[in-house]
file entry_39.pdb (PDB, C-alpha atoms)
ATOM      1  CA  MET E   1      50.098 -15.579  23.694
ATOM      2  CA  ALA E   2      50.714 -19.258  23.213
ATOM      3  CA  LEU E   3      46.934 -19.777  23.498
ATOM      4  CA  LEU E   4      46.435 -17.406  20.595
ATOM      5  CA  ILE E   5      48.857 -19.236  18.320
ATOM      6  CA  ARG E   6      47.378 -22.598  19.312
ATOM      7  CA  SER E   7      43.803 -21.503  18.571
ATOM      8  CA  PHE E   8      44.904 -20.090  15.247
ATOM      9  CA  ALA E   9      46.259 -23.445  14.306
ATOM     10  CA  ARG E  10      43.262 -25.387  15.614
ATOM     11  CA  SER E  11      40.339 -23.653  14.050
ATOM     12  CA  SER E  12      39.695 -21.148  11.341
ATOM     13  CA  CYS E  13      36.751 -19.536  13.122
ATOM     14  CA  LEU E  14      38.933 -16.809  14.532
ATOM     15  CA  LEU E  15      39.373 -15.485  11.051
ATOM     16  CA  LYS E  16      35.595 -15.679  10.558
ATOM     17  CA  GLN E  17      35.165 -13.787  13.808
ATOM     18  CA  THR E  18      37.436 -10.962  12.711
ATOM     19  CA  SER E  19      35.537 -10.614   9.486
ATOM     20  CA  MET E  20      32.391 -10.071  11.582
ATOM     21  CA  LEU E  21      34.034  -7.365  13.650
ATOM     22  CA  ILE E  22      34.270  -5.288  10.488
ATOM     23  CA  PRO E  23      30.800  -4.010   9.533
ATOM     24  CA  LYS E  24      29.974  -5.310   6.063
ATOM     25  CA  ARG E  25      27.030  -5.003   3.655
ATOM     26  CA  SER E  26      24.765  -8.031   3.463
ATOM     27  CA  THR E  27      25.769 -10.596   0.903
ATOM     28  CA  MET E  28      22.151 -11.757   0.528
ATOM     29  CA  ALA E  29      21.042 -11.674  -3.090
ATOM     30  CA  THR E  30      17.308 -11.120  -2.449
ATOM     31  CA  THR E  31      15.257  -8.789  -0.266
ATOM     32  CA  ALA E  32      12.637 -10.078   2.151
ATOM     33  CA  TYR E  33       9.838  -9.133  -0.250
ATOM     34  CA  GLU E  34      11.445 -10.974  -3.120
ATOM     35  CA  GLU E  35      11.873 -14.024  -0.913
ATOM     36  CA  MET E  36       8.201 -13.923   0.113
ATOM     37  CA  ARG E  37       7.170 -13.570  -3.525
ATOM     38  CA  ASN E  38       9.391 -16.504  -4.476
ATOM     39  CA  PHE E  39       7.830 -18.557  -1.686
ATOM     40  CA  TRP E  40       4.340 -17.973  -3.053
ATOM     41  CA  ALA E  41       5.375 -18.556  -6.659
ATOM     42  CA  ARG E  42       7.045 -21.831  -5.740
ATOM     43  CA  ASN E  43       4.060 -23.027  -3.715
ATOM     44  CA  ARG E  44       1.621 -22.040  -6.409
ATOM     45  CA  LYS E  45       3.637 -24.068  -8.897
ATOM     46  CA  LEU E  46       3.411 -27.105  -6.627
ATOM     47  CA  ASN E  47      -0.408 -26.799  -6.788
ATOM     48  CA  ARG E  48      -0.946 -27.833  -3.208
ATOM     49  CA  PRO E  49      -4.580 -28.394  -2.122
ATOM     50  CA  LEU E  50      -6.214 -25.875   0.185
ATOM     51  CA  SER E  51      -6.788 -27.171   3.718
ATOM     52  CA  PRO E  52     -10.458 -27.125   4.824
ATOM     53  CA  PHE E  53     -11.448 -24.047   6.792
ATOM     54  CA  LEU E  54     -15.183 -23.290   6.657
ATOM     55  CA  THR E  55     -16.498 -26.837   6.442
ATOM     56  CA  VAL E  56     -14.648 -28.110   9.504
ATOM     57  CA  TYR E  57     -16.299 -25.670  11.909
ATOM     58  CA  LYS E  58     -19.219 -26.656  14.085
ATOM     59  CA  PRO E  59     -21.347 -23.516  14.297
ATOM     60  CA  HIS E  60     -21.280 -21.804  17.679
ATOM     61  CA  LEU E  61     -22.997 -18.714  19.027
ATOM     62  CA  ALA E  62     -20.174 -16.225  18.573
ATOM     63  CA  MET E  63     -19.708 -17.281  14.965
ATOM     64  CA  MET E  64     -23.441 -17.135  14.189
ATOM     65  CA  THR E  65     -24.038 -13.762  15.842
ATOM     66  CA  SER E  66     -21.033 -12.251  14.126
ATOM     67  CA  LEU E  67     -22.124 -13.672  10.775
ATOM     68  CA  THR E  68     -25.689 -12.395  11.206
ATOM     69  CA  HIS E  69     -24.341  -9.004  12.191
ATOM     70  CA  ARG E  70     -22.295  -8.772   9.034
ATOM     71  CA  VAL E  71     -25.013 -10.163   6.776
ATOM     72  CA  THR E  72     -27.699  -7.824   8.144
ATOM     73  CA  GLY E  73     -25.369  -4.871   7.774
ATOM     74  CA  VAL E  74     -24.481  -5.669   4.180
ATOM     75  CA  VAL E  75     -28.109  -6.411   3.244
ATOM     76  CA  MET E  76     -29.317  -3.151   4.764
ATOM     77  CA  GLN E  77     -26.713  -1.010   3.072
ATOM     78  CA  VAL E  78     -27.249  -2.715  -0.280
ATOM     79  CA  ALA E  79     -31.020  -2.240   0.106
ATOM     80  CA  LEU E  80     -30.559   1.411   1.046
ATOM     81  CA  THR E  81     -28.231   2.169  -1.857
ATOM     82  CA  GLY E  82     -30.211   0.058  -4.294
ATOM     83  CA  GLY E  83     -33.504   1.527  -3.108
ATOM     84  CA  SER E  84     -32.174   5.038  -3.421
ATOM     85  CA  ILE E  85     -30.983   4.443  -6.985
ATOM     86  CA  ILE E  86     -34.255   2.716  -7.913
ATOM     87  CA  LEU E  87     -36.237   5.634  -6.460
ATOM     88  CA  LEU E  88     -34.229   7.931  -8.687
ATOM     89  CA  CYS E  89     -35.280   5.907 -11.723
ATOM     90  CA  LEU E  90     -38.946   5.314 -10.893
ATOM     91  CA  PRO E  91     -41.529   7.563 -12.519
ATOM     92  CA  GLY E  92     -43.538   9.649 -10.098
ATOM     93  CA  ASP E  93     -42.681  10.482  -6.525
ATOM     94  CA  PHE E  94     -42.765   8.254  -3.449
ATOM     95  CA  ARG E  95     -46.418   8.920  -2.617
ATOM     96  CA  GLN E  96     -47.619   7.819  -6.050
ATOM     97  CA  ASN E  97     -45.531   4.660  -5.989
ATOM     98  CA  LEU E  98     -46.808   3.820  -2.522
ATOM     99  CA  GLU E  99     -50.389   4.285  -3.722
ATOM    100  CA  TYR E 100     -49.624   1.874  -6.534
ATOM    101  CA  VAL E 101     -48.418  -0.708  -4.008
ATOM    102  CA  ARG E 102     -51.476  -0.079  -1.816
ATOM    103  CA  GLN E 103     -53.787  -0.680  -4.761
ATOM    104  CA  LEU E 104     -52.188  -4.083  -5.337
ATOM    105  CA  SER E 105     -54.159  -5.135  -2.220
ATOM    106  CA  LEU E 106     -51.592  -7.587  -0.994
ATOM    107  CA  GLY E 107     -52.797  -9.927   1.743
ATOM    108  CA  PRO E 108     -51.989  -8.886   5.323
ATOM    109  CA  ILE E 109     -49.641 -11.818   5.790
ATOM    110  CA  ILE E 110     -47.446 -10.497   3.001
ATOM    111  CA  ILE E 111     -47.442  -7.022   4.524
ATOM    112  CA  ILE E 112     -46.530  -8.473   7.938
ATOM    113  CA  ALA E 113     -43.745 -10.585   6.465
ATOM    114  CA  PHE E 114     -42.478  -7.529   4.589
ATOM    115  CA  LYS E 115     -42.443  -5.486   7.803
ATOM    116  CA  TYR E 116     -40.578  -8.241   9.626
ATOM    117  CA  ILE E 117     -38.001  -8.387   6.844
ATOM    118  CA  LEU E 118     -37.542  -4.625   7.102
ATOM    119  CA  ALA E 119     -37.481  -4.380  10.896
ATOM    120  CA  PHE E 120     -35.432  -7.429  11.907
ATOM    121  CA  PRO E 121     -32.059  -6.445  10.366
ATOM    122  CA  VAL E 122     -32.272  -2.919  11.757
ATOM    123  CA  VAL E 123     -33.085  -4.020  15.304
ATOM    124  CA  TYR E 124     -30.660  -6.934  15.364
ATOM    125  CA  HIS E 125     -27.777  -4.954  13.914
ATOM    126  CA  PHE E 126     -28.451  -2.102  16.331
ATOM    127  CA  LEU E 127     -28.475  -4.311  19.438
ATOM    128  CA  ASN E 128     -25.530  -6.434  18.348
ATOM    129  CA  GLY E 129     -23.740  -3.215  17.425
ATOM    130  CA  ILE E 130     -24.000  -2.106  21.048
ATOM    131  CA  ARG E 131     -22.468  -5.471  21.985
ATOM    132  CA  HIS E 132     -19.632  -4.777  19.533
ATOM    133  CA  LEU E 133     -19.059  -1.311  20.962
ATOM    134  CA  ALA E 134     -18.853  -2.839  24.447
ATOM    135  CA  TRP E 135     -16.129  -5.169  23.154
ATOM    136  CA  ASP E 136     -14.329  -2.233  21.610
ATOM    137  CA  ALA E 137     -14.367  -0.551  25.019
ATOM    138  CA  GLY E 138     -12.954  -3.741  26.516
ATOM    139  CA  TYR E 139     -15.970  -5.236  28.292
ATOM    140  CA  GLY E 140     -17.655  -8.569  27.945
ATOM    141  CA  PHE E 141     -15.018 -10.827  26.453
ATOM    142  CA  SER E 142     -15.272 -13.736  28.875
ATOM    143  CA  LEU E 143     -17.073 -16.648  27.260
ATOM    144  CA  LYS E 144     -19.911 -16.702  29.785
ATOM    145  CA  THR E 145     -20.624 -12.991  29.325
ATOM    146  CA  LEU E 146     -20.362 -13.383  25.573
ATOM    147  CA  TYR E 147     -22.945 -16.133  25.486
ATOM    148  CA  LYS E 148     -25.257 -14.311  27.885
ATOM    149  CA  SER E 149     -25.123 -11.077  25.919
ATOM    150  CA  GLY E 150     -25.590 -12.992  22.669
ATOM    151  CA  TYR E 151     -28.753 -14.745  23.843
ATOM    152  CA  PHE E 152     -29.995 -11.502  25.370
ATOM    153  CA  VAL E 153     -29.575  -9.676  22.057
ATOM    154  CA  MET E 154     -31.421 -12.418  20.197
ATOM    155  CA  ALA E 155     -34.330 -12.388  22.661
ATOM    156  CA  LEU E 156     -34.557  -8.603  22.734
ATOM    157  CA  THR E 157     -34.501  -8.465  18.927
ATOM    158  CA  ALA E 158     -37.451 -10.840  18.741
ATOM    159  CA  VAL E 159     -39.425  -8.770  21.252
ATOM    160  CA  ILE E 160     -38.681  -5.380  19.716
ATOM    161  CA  THR E 161     -39.223  -6.521  16.128
ATOM    162  CA  THR E 162     -42.611  -7.981  17.037
ATOM    163  CA  TYR E 163     -43.517  -4.722  18.764
ATOM    164  CA  PHE E 164     -42.497  -2.738  15.673
ATOM    165  CA  VAL E 165     -44.510  -4.936  13.332
ATOM    166  CA  PHE E 166     -47.700  -5.270  15.381
ATOM    167  CA  GLY E 167     -47.521  -2.474  17.925
ATOM    168  CA  ILE E 168     -46.711   0.591  15.840
ATOM    169  CA  LYS E 169     -49.625   1.711  13.738
ATOM    170  CA  CYS E 170     -49.212   4.631  11.368
ATOM    171  CA  ASN E 171     -52.082   6.451   9.747
ATOM    172  CA  ALA E 172     -52.186   6.682   6.001
ATOM    173  CA  LEU E 173     -50.701  10.140   5.625
TER     174      LEU E 173
ATOM    175  CA  MET J   1      40.801 -11.178  29.768
ATOM    176  CA  ALA J   2      38.707 -10.245  26.797
ATOM    177  CA  THR J   3      41.030 -12.073  24.457
ATOM    178  CA  VAL J   4      40.655 -15.230  26.501
ATOM    179  CA  ILE J   5      36.862 -15.069  26.316
ATOM    180  CA  LEU J   6      36.997 -14.372  22.613
ATOM    181  CA  LEU J   7      39.342 -17.268  22.014
ATOM    182  CA  ARG J   8      37.177 -19.581  24.124
ATOM    183  CA  ALA J   9      34.185 -18.612  21.985
ATOM    184  CA  CYS J  10      36.159 -19.283  18.839
ATOM    185  CA  LEU J  11      37.228 -22.701  20.011
ATOM    186  CA  ARG J  12      33.622 -23.726  20.655
ATOM    187  CA  GLY J  13      32.998 -23.482  16.984
ATOM    188  CA  PRO J  14      31.069 -21.210  14.644
ATOM    189  CA  LYS J  15      27.638 -22.406  15.852
ATOM    190  CA  ASN J  16      27.962 -20.659  19.202
ATOM    191  CA  LEU J  17      28.956 -17.314  17.811
ATOM    192  CA  LEU J  18      26.325 -14.579  18.226
ATOM    193  CA  LEU J  19      26.584 -13.061  14.783
ATOM    194  CA  GLN J  20      25.964 -15.644  12.147
ATOM    195  CA  MET J  21      26.135 -14.598   8.547
ATOM    196  CA  ARG J  22      25.079 -17.480   6.416
ATOM    197  CA  PRO J  23      25.713 -17.006   2.735
ATOM    198  CA  LEU J  24      22.935 -17.819   0.275
ATOM    199  CA  PRO J  25      22.815 -21.571  -0.416
ATOM    200  CA  LYS J  26      24.110 -22.499  -3.836
ATOM    201  CA  ASN J  27      20.879 -23.985  -5.178
ATOM    202  CA  ALA J  28      18.648 -20.974  -4.294
ATOM    203  CA  ASN J  29      16.894 -19.904  -7.458
ATOM    204  CA  THR J  30      16.492 -16.155  -7.334
ATOM    205  CA  GLU J  31      15.195 -15.946 -10.869
ATOM    206  CA  ILE J  32      11.648 -17.188 -10.168
ATOM    207  CA  LEU J  33       9.168 -14.596 -11.380
ATOM    208  CA  SER J  34       5.466 -15.003 -10.623
ATOM    209  CA  LYS J  35       4.062 -14.733 -14.111
ATOM    210  CA  GLN J  36       0.869 -12.720 -14.249
ATOM    211  CA  PHE J  37      -0.128 -13.667 -17.767
ATOM    212  CA  THR J  38       0.381 -16.924 -19.608
ATOM    213  CA  ALA J  39       0.222 -17.718 -23.275
ATOM    214  CA  THR J  40      -3.461 -18.625 -23.649
ATOM    215  CA  PRO J  41      -6.107 -15.943 -22.916
ATOM    216  CA  ALA J  42      -8.201 -18.281 -20.725
ATOM    217  CA  LEU J  43      -5.347 -18.929 -18.342
ATOM    218  CA  ALA J  44      -4.531 -15.224 -18.336
ATOM    219  CA  THR J  45      -7.927 -14.374 -16.785
ATOM    220  CA  ILE J  46      -7.518 -16.971 -14.055
ATOM    221  CA  GLU J  47      -4.163 -15.500 -13.166
ATOM    222  CA  TYR J  48      -5.704 -12.028 -13.011
ATOM    223  CA  PHE J  49      -8.194 -13.128 -10.368
ATOM    224  CA  ARG J  50      -5.711 -15.042  -8.271
ATOM    225  CA  ALA J  51      -5.535 -13.814  -4.684
ATOM    226  CA  ARG J  52      -2.572 -11.698  -3.771
ATOM    227  CA  ARG J  53      -1.669 -12.950  -0.331
ATOM    228  CA  GLY J  54       1.333 -10.717  -0.071
ATOM    229  CA  PRO J  55       3.991  -9.622   0.253
ATOM    230  CA  PHE J  56       2.679  -6.090   0.636
ATOM    231  CA  THR J  57       5.265  -3.368   0.772
ATOM    232  CA  PRO J  58       4.756  -0.632   3.375
ATOM    233  CA  GLU J  59       3.761   1.759   0.586
ATOM    234  CA  GLU J  60       0.977  -0.565  -0.530
ATOM    235  CA  LYS J  61      -0.260  -0.969   3.024
ATOM    236  CA  ARG J  62      -0.306   2.761   3.620
ATOM    237  CA  GLY J  63      -2.362   3.320   0.513
ATOM    238  CA  LYS J  64      -2.296   6.376  -1.703
ATOM    239  CA  GLY J  65      -3.532   9.783  -0.769
ATOM    240  CA  HIS J  66      -4.521   9.141   2.853
ATOM    241  CA  LEU J  67      -4.389  12.110   5.120
ATOM    242  CA  MET J  68      -5.451  10.146   8.196
ATOM    243  CA  MET J  69      -3.844   7.285  10.083
ATOM    244  CA  ALA J  70      -5.792   4.052  10.112
ATOM    245  CA  SER J  71      -6.183   4.196  13.896
ATOM    246  CA  THR J  72      -7.715   7.674  13.683
ATOM    247  CA  HIS J  73     -10.113   6.452  11.029
ATOM    248  CA  TRP J  74     -11.128   3.586  13.320
ATOM    249  CA  LYS J  75     -11.847   6.138  16.071
ATOM    250  CA  VAL J  76     -14.037   8.169  13.720
ATOM    251  CA  GLU J  77     -15.945   5.009  12.795
ATOM    252  CA  ARG J  78     -16.614   4.257  16.469
ATOM    253  CA  ILE J  79     -17.735   7.856  17.078
ATOM    254  CA  VAL J  80     -20.255   7.567  14.243
ATOM    255  CA  ALA J  81     -21.464   4.246  15.667
ATOM    256  CA  ILE J  82     -21.926   5.694  19.142
ATOM    257  CA  ALA J  83     -23.779   8.680  17.681
ATOM    258  CA  MET J  84     -26.079   6.243  15.921
ATOM    259  CA  THR J  85     -26.992   4.522  19.200
ATOM    260  CA  GLY J  86     -28.536   7.872  20.114
ATOM    261  CA  ILE J  87     -30.039   8.744  16.745
ATOM    262  CA  MET J  88     -31.816   5.457  16.064
ATOM    263  CA  PRO J  89     -34.106   5.500  19.135
ATOM    264  CA  ALA J  90     -34.582   9.267  18.733
ATOM    265  CA  CYS J  91     -35.953   8.898  15.219
ATOM    266  CA  LEU J  92     -38.842   6.883  16.666
ATOM    267  CA  PHE J  93     -39.996   9.915  18.606
ATOM    268  CA  ILE J  94     -38.769  12.909  16.614
ATOM    269  CA  GLN J  95     -39.447  13.216  12.913
ATOM    270  CA  GLY J  96     -38.831  15.986  10.448
ATOM    271  CA  SER J  97     -36.243  17.185   7.997
ATOM    272  CA  THR J  98     -33.433  17.582  10.573
ATOM    273  CA  MET J  99     -33.846  13.970  11.609
ATOM    274  CA  ASP J 100     -33.944  13.055   7.913
ATOM    275  CA  HIS J 101     -30.566  14.638   7.292
ATOM    276  CA  LEU J 102     -29.053  13.233  10.478
ATOM    277  CA  LEU J 103     -30.280   9.734   9.730
ATOM    278  CA  THR J 104     -29.156   9.799   6.124
ATOM    279  CA  THR J 105     -25.662  11.074   6.905
ATOM    280  CA  PHE J 106     -24.862   8.829   9.826
ATOM    281  CA  VAL J 107     -26.499   5.636   8.623
ATOM    282  CA  TYR J 108     -25.081   5.968   5.155
ATOM    283  CA  LEU J 109     -21.530   6.735   6.335
ATOM    284  CA  HIS J 110     -21.606   3.820   8.735
ATOM    285  CA  GLY J 111     -22.899   1.511   6.022
ATOM    286  CA  PHE J 112     -20.349   2.737   3.511
ATOM    287  CA  TRP J 113     -17.452   1.937   5.853
ATOM    288  CA  GLY J 114     -19.054  -1.399   6.678
ATOM    289  CA  ILE J 115     -19.273  -2.522   3.071
ATOM    290  CA  ASP J 116     -15.789  -1.150   2.472
ATOM    291  CA  GLY J 117     -14.520  -3.395   5.259
ATOM    292  CA  VAL J 118     -16.353  -6.440   3.903
ATOM    293  CA  LEU J 119     -14.969  -5.839   0.425
ATOM    294  CA  LYS J 120     -11.464  -5.405   1.773
ATOM    295  CA  ASP J 121     -11.817  -8.627   3.744
ATOM    296  CA  TYR J 122     -13.014 -10.835   0.934
ATOM    297  CA  LEU J 123     -12.906  -9.323  -2.511
ATOM    298  CA  VAL J 124     -10.060  -6.841  -2.879
ATOM    299  CA  LYS J 125      -7.448  -9.568  -2.891
ATOM    300  CA  PHE J 126      -9.095 -11.008  -5.990
ATOM    301  CA  VAL J 127     -10.489  -7.913  -7.688
ATOM    302  CA  PRO J 128      -8.475  -4.873  -6.603
ATOM    303  CA  TRP J 129     -10.726  -2.268  -8.257
ATOM    304  CA  ILE J 130     -13.940  -3.286  -6.507
ATOM    305  CA  GLY J 131     -13.417  -0.670  -3.798
ATOM    306  CA  LYS J 132     -13.580   2.107  -6.360
ATOM    307  CA  VAL J 133     -16.791   0.682  -7.850
ATOM    308  CA  TRP J 134     -18.416   0.717  -4.417
ATOM    309  CA  TYR J 135     -17.220   4.299  -3.862
ATOM    310  CA  VAL J 136     -18.920   5.476  -7.062
ATOM    311  CA  LEU J 137     -22.102   3.505  -6.327
ATOM    312  CA  ALA J 138     -22.231   4.897  -2.800
ATOM    313  CA  ILE J 139     -21.918   8.462  -4.035
ATOM    314  CA  ILE J 140     -24.796   7.944  -6.452
ATOM    315  CA  GLY J 141     -26.867   6.355  -3.669
ATOM    316  CA  PHE J 142     -26.150   9.206  -1.286
ATOM    317  CA  ALA J 143     -27.078  11.745  -3.946
ATOM    318  CA  GLY J 144     -30.345   9.879  -4.441
ATOM    319  CA  LEU J 145     -31.087   9.954  -0.708
ATOM    320  CA  VAL J 146     -30.299  13.656  -0.397
ATOM    321  CA  ASN J 147     -32.560  14.318  -3.369
ATOM    322  CA  PHE J 148     -35.226  12.196  -1.669
ATOM    323  CA  ASN J 149     -34.935  14.278   1.485
ATOM    324  CA  TYR J 150     -35.190  17.563  -0.407
ATOM    325  CA  ASN J 151     -37.563  17.002  -3.307
ATOM    326  CA  ASP J 152     -39.620  14.124  -1.988
ATOM    327  CA  VAL J 153     -41.195  13.279   1.348
ATOM    328  CA  GLY J 154     -38.016  12.533   3.273
ATOM    329  CA  ILE J 155     -36.899   9.298   4.899
ATOM    330  CA  THR J 156     -38.760   9.523   8.243
ATOM    331  CA  LYS J 157     -42.043  10.381   6.508
ATOM    332  CA  ALA J 158     -41.414   7.625   3.968
ATOM    333  CA  ILE J 159     -40.988   5.001   6.692
ATOM    334  CA  GLN J 160     -44.164   6.204   8.385
ATOM    335  CA  MET J 161     -46.073   5.970   5.110
ATOM    336  CA  LEU J 162     -44.618   2.537   4.435
ATOM    337  CA  TRP J 163     -45.715   1.346   7.862
ATOM    338  CA  SER J 164     -49.273   2.491   7.214
ATOM    339  CA  LEU J 165     -49.739  -0.152   4.518
TER     340      LEU J 165
END

call {"tool": "encode", "arguments": {"input": "entry_39.pdb", "output": "structure tokens"}}
result
Amino acid sequence: MALLIRSFARSSCLLKQTSMLIPKRSTMATTAYEEMRNFWARNRKLNRPLSPFLTVYKPHLAMMTSLTHRVTGVVMQVALTGGSIILLCLPGDFRQNLEYVRQLSLGPIIIIAFKYILAFPVVYHFLNGIRHLAWDAGYGFSLKTLYKSGYFVMALTAVITTYFVFGIKCNAL
Amino acid sequence: MATVILLRACLRGPKNLLLQMRPLPKNANTEILSKQFTATPALATIEYFRARRGPFTPEEKRGKGHLMMASTHWKVERIVAIAMTGIMPACLFIQGSTMDHLLTTFVYLHGFWGIDGVLKDYLVKFVPWIGKVWYVLAIIGFAGLVNFNYNDVGITKAIQMLWSL
């Protein structure tokens, strides 16, 4: 009892403590979202420079394979959509347009380069996609395995693309 | 007993108390509004393209009109990808209109989600409507491919003819 009276006299935190025992609504004037918005507005006003992010990286295999995967995917889909829309607009059907290209008599090196450009993204994206699916299933994250699978995909892409360009011959149908 | 513990905690000072309610500091300016448009038209356009790095309310993150959870959508994407690991080698050996339709559907869906992801990663924070533009473009492209499969040679035949050059 005497302890109680003495602590009352010594500090005022007992009164603070009792106020906490009663559940009370927050006296904060702003919500979390408003505070976050204020943070960004204030920092934007200060016009702080952006710290370097892309330029400071030394390229490594994981970064390059992932980038190539994304780039090949985007390029293929854009080519597919764009090609489809262009085919809608071209006069004549596909056979006639192909005959027109055949009559241009482009040199074989151009045809080979064109076939490489068509085949490489498909093959690379397919093989690297299998690598991605393995990661999604939880396999192959250790750095050694990652590097091995990355180099394997690159080598296999080169082999398969070359086979597609030179090994597959289609008759003029 | 409990009173003694409580009193001991009080005597240690307010810093050691579990529940700390700190009132808002006096100089906190709660009136800052992030202005979207400024007086001159040139500055207004820059503001329009400024990245929104947040905060995103739960409603914004959920998006409008979704019937599927994001995790379920991710599963569907993986299922399409796994199906494609079977379809792509098969189209080397089997051709015909069934393979045409299979290829078109799966490849196009996969590519649509891919570009959607890329746009969401890089562009949507600057230009929020770009996702809708891609949706419309993709529908037109898909219509073109379906038309190609029906009224023209079809995609497998087209690749064969292309390779005969």

call {"tool": "axis_aligned_box", "arguments": {"input": "entry_39.pdb", "around": "stretch 39-46 of chain E", "padding_each_side": "8 Å", "output": "AutoDock Vina command-line options"}}
result
--center_x 4.7 --center_y -22.5 --center_z -5.3 --size_x 22.2 --size_y 25.1 --size_z 23.2

call {"tool": "resolve_selection", "arguments": {"input": "entry_39.pdb", "expression": "the PyMOL selection byres ((chain J and resi 77-84) around 9)", "output": "ChimeraX atom specification"}}
result
/E:126,129-130,133,136 /J:72-76,85-89,103,106-107,109-110,113

call {"tool": "closest_residue", "arguments": {"input": "entry_39.pdb", "among": "J:Gly131, J:Met68, J:Asp121, J:Phe112", "to": "chain E", "atoms": "all atoms listed in the file"}}
result
J:Phe112

call {"tool": "resolve_selection", "arguments": {"input": "entry_39.pdb", "expression": "the PyMOL selection byres ((chain E and resi 152) around 12)", "output": "VMD selection string"}}
result
chain E and resid 61 65 124 127 to 128 130 to 131 145 to 151 153 to 159

call {"tool": "residues_around", "arguments": {"input": "entry_39.pdb", "residues": "E:Cys89", "least_positions_apart": "6", "cutoff": "12 Å", "atoms": "all atoms listed in the file", "output": "list in words"}}
result
Gly82, Gly83 and Asn97 of chain E; Ile140, Gly141, Gly144 and Phe148 of chain J

call {"tool": "atom_distance", "arguments": {"input": "entry_39.pdb", "atom1": "atom CA of E:Thr161", "atom2": "atom CA of J:Phe142"}}
result
26.9 Å

call {"tool": "atom_distance", "arguments": {"input": "entry_39.pdb", "atom1": "atom CA of E:His69", "atom2": "atom CA of J:Gln160"}}
result
25.3 Å

call {"tool": "resolve_selection", "arguments": {"input": "entry_39.pdb", "expression": "the PyMOL selection byres ((chain E and resi 111-123) around 8)", "output": "PyMOL selection string"}}
result
(chain E and resi 72-73+76+106-110+124-127+157-158+160-162+164-165) or (chain J and resi 163+165)

call {"tool": "write_last_selection", "arguments": {"input": "entry_39.pdb", "atoms": "C-alpha atoms", "output": "PDB file, in the frame of the given file"}}
result
ATOM      1  CA  THR E  72     -27.699  -7.824   8.144  1.00  0.00           C
ATOM      2  CA  GLY E  73     -25.369  -4.871   7.774  1.00  0.00           C
ATOM      3  CA  MET E  76     -29.317  -3.151   4.764  1.00  0.00           C
ATOM      4  CA  LEU E 106     -51.592  -7.587  -0.994  1.00  0.00           C
ATOM      5  CA  GLY E 107     -52.797  -9.927   1.743  1.00  0.00           C
ATOM      6  CA  PRO E 108     -51.989  -8.886   5.323  1.00  0.00           C
ATOM      7  CA  ILE E 109     -49.641 -11.818   5.790  1.00  0.00           C
ATOM      8  CA  ILE E 110     -47.446 -10.497   3.001  1.00  0.00           C
ATOM      9  CA  TYR E 124     -30.660  -6.934  15.364  1.00  0.00           C
ATOM     10  CA  HIS E 125     -27.777  -4.954  13.914  1.00  0.00           C
ATOM     11  CA  PHE E 126     -28.451  -2.102  16.331  1.00  0.00           C
ATOM     12  CA  LEU E 127     -28.475  -4.311  19.438  1.00  0.00           C
ATOM     13  CA  THR E 157     -34.501  -8.465  18.927  1.00  0.00           C
ATOM     14  CA  ALA E 158     -37.451 -10.840  18.741  1.00  0.00           C
ATOM     15  CA  ILE E 160     -38.681  -5.380  19.716  1.00  0.00           C
ATOM     16  CA  THR E 161     -39.223  -6.521  16.128  1.00  0.00           C
ATOM     17  CA  THR E 162     -42.611  -7.981  17.037  1.00  0.00           C
ATOM     18  CA  PHE E 164     -42.497  -2.738  15.673  1.00  0.00           C
ATOM     19  CA  VAL E 165     -44.510  -4.936  13.332  1.00  0.00           C
TER      20      VAL E 165
ATOM     21  CA  TRP J 163     -45.715   1.346   7.862  1.00  0.00           C
ATOM     22  CA  LEU J 165     -49.739  -0.152   4.518  1.00  0.00           C
TER      23      LEU J 165
END

call {"tool": "closest_residue", "arguments": {"input": "entry_39.pdb", "among": "E:Tyr57, E:Tyr100, E:Tyr163, E:Phe94", "to": "chain J", "atoms": "all atoms listed in the file"}}
result
E:Phe94

call {"tool": "atom_distance", "arguments": {"input": "entry_39.pdb", "atom1": "atom CA of E:Val78", "atom2": "atom CA of J:Pro128"}}
result
19.9 Å

call {"tool": "residues_near_point", "arguments": {"input": "entry_39.pdb", "point": "(-48.6, 2.7, 9.2)", "cutoff": "8 Å", "atoms": "all atoms listed in the file", "output": "MDAnalysis selection string"}}
result
(chainID E and resid 168:172) or (chainID J and resid 160:165)

call {"tool": "decode", "arguments": {"input": "entry_39.pdb", "residues": "stretch 140-145 of chain J", "atoms": "N, CA and C atoms", "output": "JSON list (two decimals), in the first residue's frame"}}
result
[["chain", "number", "residue", "atom", "x", "y", "z"],
["J", 140, "ILE", "N", -7.12, -9.36, -81.82],
["J", 140, "ILE", "CA", -7.08, -9.22, -83.28],
["J", 140, "ILE", "C", -6.10, -10.23, -83.88],
["J", 141, "GLY", "N", -4.92, -10.37, -83.23],
["J", 141, "GLY", "CA", -3.93, -11.32, -83.72],
["J", 141, "GLY", "C", -4.45, -12.74, -83.71],
["J", 142, "PHE", "N", -5.13, -13.12, -82.62],
["J", 142, "PHE", "CA", -5.67, -14.47, -82.53],
["J", 142, "PHE", "C", -6.73, -14.70, -83.59],
["J", 143, "ALA", "N", -7.57, -13.69, -83.81],
["J", 143, "ALA", "CA", -8.58, -13.82, -84.86],
["J", 143, "ALA", "C", -7.91, -14.05, -86.21],
["J", 144, "GLY", "N", -6.82, -13.29, -86.45],
["J", 144, "GLY", "CA", -6.09, -13.47, -87.71],
["J", 144, "GLY", "C", -5.54, -14.87, -87.86],
["J", 145, "LEU", "N", -4.99, -15.42, -86.74],
["J", 145, "LEU", "CA", -4.43, -16.77, -86.82],
["J", 145, "LEU", "C", -5.51, -17.81, -87.05]]
